[in-house]
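Encoded as structure tokens, the structure appears first; notes follow it.
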Amino acid sequence: MLKGKRILLVVSGGIAAFKVPDLIRRLAERGVSVRCAMTKAAEQFVTPLTLAALSGEKVSADLFSLTDEAEMGHIELSRDADLVVVAPATANILARMAQGLADDMATTLLLATDKPVLVAPAMNVRMWHHPATQRNIEQLKADGVAFIGPNEGEMACGEYGPGRMAEPLEIVAAIEMQFGKPLPRHLTLVQPRPANNGVAPLKQDLKGKRAIVTSGPTHEPIDPVRYIANRSSGKQGHAIAAALAARGADVTLVTGPVSLPDPAGVKTVHVEAARDMFSACFLDLPVDIFVAAAAVADWRVAVEAPQKMKKSGDLPPVLKLAENPDILRAISTTDAKRRPALVVGFAAETENVVAHAQKKLGSKGCDWILANDVSEGTQTFGGDSNAVHLVTANAVEDWPRMSKSEVAARLAERIAAAFNDQSKKNLKKGS
Ligand code: C5P
């Protein structure tokens with residue numbers, strides 16, 4: 001997959017630069033040719049000689065080197081690669097990138113490139129959380145830069161939190177994803193926001209709000225090769241995550257196995273079973289908005305067989321089922337400190353759709369329910385359109401059949417309106 005690809009690796013000055021030799025080695029093993037550029041500060045952590053020896057290429061560091069310019073000018077160098085990777089990316093280089101500065105070789109290459117850029121940030125947790133850094137990251141995402149990490153954990157400075165650079169193999173996986181390979185399930189990559197192509201941007205009326213959206217089916221393992229699943233495609237949930245992000249919300253999409261790409265501008269967490277989805281959602285709390293669009297399996301096999309089950313004797317095996325956690329109910333009824341201000345569930349019914357949804361509003365403890373008819377012939381499962389009813393404590397709105405992305409856009413608009421409404425009581429009651 002990576003064989004023959006060319007990567008320009010920009011190394012900035014953080015302690016995580018010690019992982020760069022390993023990253024180069026991993027890329028070289030996969031047939032990638034790597035060319036490095038370093039900031040002055042990076043040379044304090046790893047020597048240009050080490051990177052040159054491992055990559056087999058000259059390392060670019062000096063913007064005003066006549067010999068370098070004679071061999072390959074910095075504009076050519078910045079475009080000679082298939083992908084530019086910045087690892088580690090310090091808060092300082094992110095700030096310089098966001099500003100479009102070109103005051104050394106590394107930032108000049110980053111400004112001159114016309115290739116996709118993937119960034120692996122690494123910094124102290126407070127620097128990561130600083131509004132200036134977060135602002136720069138938002139800007140870079142809007143400019144089309146992809147991010148892998150940072151990971152959470154203990155830092156070289158002794159503090160704990162997000163800021164550790166993604167591990168070399170995780171960066172390799174993110175690089176492979178840039179070339180079309182799906183990301184391993186345990187990793188999250190924030191895809192850049194899509195370019196607007198001249199279309200007026202949506203009002204950023206959910207800026208500052210955090211949301212979790214669940215999507216897709218869950219796979220409940222029977223043994224290492226078999227599982228119980230359902231026909232959910234994830235189209236509706238993915239569209240909702242994208243629609244909330246398009247209005248400026250900071251969205252985590254927790255998705256079961258689907259064959260859809262991760263939506264742009266959204267942090268996507270891939271899970272398999274309902275219990276993994278449950279933990280991933282709780283890990284991301286507190287949030288303002290929770291939308292449960294996943295078709296979570298109600299039951300799992302009580303005891304997963306550690307080895308592939310074999311045919312033996314005359315009788316087929318009996319699968320004993322256990323109930324899965326109800327994620328929507330658990331989030332709706334969690335302690336007030338963690339409960340999202342607005343919890344939206346789905347109800348897929350085959351008859352008495354609205355009446356069942358109204359009952360579900362009470363039994364789940366959520367604020368709104370989007371109810372849809374999934375009876376035979378509606379082609380809602382797996383299809384591209386949906387006819388839903390928005391059921392709140394006070395009202396039922398019947399929406400005409402429309403595409404799943406239109407349903408998502410309308411829901412996002414309703415959510416934004418509810419949050420922007422002065423009387424927050426309306427959040428619970430609907431309109
Ligand atoms: O109970 P039922 O499966 O009909 O409820 C549907 C709603 O509850 C959906 O929003 C679905 O995402 C959510 N749900 C859940 N966890 C479960 C079952 C359903 O979050 N275990």
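Labels for the structure tokens follow display order: chains A, B, ..., residues from 1 in each chain, ligands from 1.
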Ligand 1: which residues are within 10 Å, counting only C-alpha atoms and all ligand atoms? Reply as a PyMOL selection string. chain A and resi 213-218+237+274-275+277-278+281+290-299+323-332+343-349+356-357+360-361+363-364+366+368-371
Length of the atom CA of Ala95 of chain A to atom CA of Thr47 of chain A vector [Å]: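 The value is 23.9 Å.
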So that I can see what lies close to Met38 of chain A, please list as JSON, numbers by chain the residues with an atom at most 9 Å from it, counting only C-alpha atoms and leaving out residues fewer than 3 positions away in the same chain. {"A": [9, 10, 11, 12, 13, 41, 42, 43, 48, 59, 60, 61, 62, 105, 106]}
Could you pull out the alpha helix (DSSP H) residues of segment 204-332 of chain A from DSSP and send them as JSON, numbers by chain? {"A": [235, 236, 237, 238, 239, 240, 241, 242, 243, 244, 245, 246, 274, 275, 276, 277, 278, 279, 280, 281, 282, 283, 327, 328, 329, 330, 331, 332]}
Taking only C-alpha atoms into account, which of A:Asn92, A:Thr255, A:Asn420, A:Gln178 comes nearest Met127 of chain A?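 Looking at the shortest contact to Met127 of chain A, the residue is A:Asn92.
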Considering only C-alpha atoms, return as JSON, numbers by chain whatever protein or nucleic-acid residues lie within 12 Å of segment 73-80 of chain A, sequence-local ones (same chain, fewer than 4 positions apart) excluded. {"A": [5, 6, 7, 8, 9, 10, 33, 34, 35, 36, 37, 58, 59, 60, 61, 62, 63, 64, 65, 66, 67, 68, 69, 84, 85, 102, 104, 105, 106, 107, 108, 109, 110, 111, 112, 113, 114, 115, 116, 117]}
How would the residues just chosen look if you wrote them out with C-alpha atoms as a PDB file, in the first residue's frame?
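What ended up in out-v1.pdb:
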ATOM      1  CA  LYS A   5       5.340   6.601  -1.815  1.00  0.00           C
ATOM      2  CA  ARG A   6       7.387   9.682  -0.966  1.00  0.00           C
ATOM      3  CA  ILE A   7       6.952  11.464   2.329  1.00  0.00           C
ATOM      4  CA  LEU A   8       8.384  14.773   3.440  1.00  0.00           C
ATOM      5  CA  LEU A   9       8.749  14.475   7.218  1.00  0.00           C
ATOM      6  CA  VAL A  10       8.961  17.791   9.043  1.00  0.00           C
ATOM      7  CA  SER A  33      11.110   7.026   0.788  1.00  0.00           C
ATOM      8  CA  VAL A  34      11.360   9.655   3.475  1.00  0.00           C
ATOM      9  CA  ARG A  35      13.020  13.016   3.243  1.00  0.00           C
ATOM     10  CA  CYS A  36      13.342  15.027   6.453  1.00  0.00           C
ATOM     11  CA  ALA A  37      13.295  18.707   7.235  1.00  0.00           C
ATOM     12  CA  LYS A  58      19.967  14.759   2.969  1.00  0.00           C
ATOM     13  CA  VAL A  59      18.158  16.537   5.800  1.00  0.00           C
ATOM     14  CA  SER A  60      16.965  20.073   5.045  1.00  0.00           C
ATOM     15  CA  ALA A  61      17.368  22.557   7.825  1.00  0.00           C
ATOM     16  CA  ASP A  62      18.871  25.764   6.547  1.00  0.00           C
ATOM     17  CA  LEU A  63      16.644  28.058   4.505  1.00  0.00           C
ATOM     18  CA  PHE A  64      19.593  29.989   3.131  1.00  0.00           C
ATOM     19  CA  SER A  65      21.814  27.075   2.165  1.00  0.00           C
ATOM     20  CA  LEU A  66      23.094  27.732  -1.336  1.00  0.00           C
ATOM     21  CA  THR A  67      24.140  24.129  -1.874  1.00  0.00           C
ATOM     22  CA  ASP A  68      20.645  22.897  -0.959  1.00  0.00           C
ATOM     23  CA  GLU A  69      18.992  25.375  -3.280  1.00  0.00           C
ATOM     24  CA  VAL A  84       3.817  15.940   4.157  1.00  0.00           C
ATOM     25  CA  VAL A  85       3.892  14.671   7.739  1.00  0.00           C
ATOM     26  CA  ALA A 102       7.688  30.972   6.609  1.00  0.00           C
ATOM     27  CA  ASP A 104      12.671  28.788   8.562  1.00  0.00           C
ATOM     28  CA  MET A 105      13.074  25.855   6.210  1.00  0.00           C
ATOM     29  CA  ALA A 106      10.374  23.701   7.880  1.00  0.00           C
ATOM     30  CA  THR A 107       7.618  26.341   7.783  1.00  0.00           C
ATOM     31  CA  THR A 108       8.651  27.516   4.316  1.00  0.00           C
ATOM     32  CA  LEU A 109       8.188  23.976   3.019  1.00  0.00           C
ATOM     33  CA  LEU A 110       4.807  23.751   4.768  1.00  0.00           C
ATOM     34  CA  LEU A 111       3.645  27.015   3.237  1.00  0.00           C
ATOM     35  CA  ALA A 112       4.920  26.155  -0.237  1.00  0.00           C
ATOM     36  CA  THR A 113       3.486  22.663  -0.449  1.00  0.00           C
ATOM     37  CA  ASP A 114       0.447  21.741  -2.490  1.00  0.00           C
ATOM     38  CA  LYS A 115       0.305  18.227  -1.004  1.00  0.00           C
ATOM     39  CA  PRO A 116      -1.905  16.911   1.834  1.00  0.00           C
ATOM     40  CA  VAL A 117      -0.504  17.532   5.302  1.00  0.00           C
TER      41      VAL A 117
END
Please identify the strand (DSSP E) residues within segment 120-159 of chain A (assignment by DSSP from backbone atoms) and present them as a PyMOL selection string. chain A and resi 120-121+146-148+151-154
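Shortest separation to Thr268 of chain A among A:Gly144, A:Pro400, A:Gly256, A:Gly4 occurs at residue A:Gly256, atoms counted being only C-alpha atoms.
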What is the distance between atom CA of Asp367 of chain A and atom CA of Asn394 of chain A, in Å to one decimal?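 So the answer is 10.4 Å.
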List the neighbours of Val225 of chain A out to 12 Å using only C-alpha atoms; skip same-chain residues closer than 3 positions along the sequence, and give me the result as a PyMOL selection string. chain A and resi 219-222+228+304-310
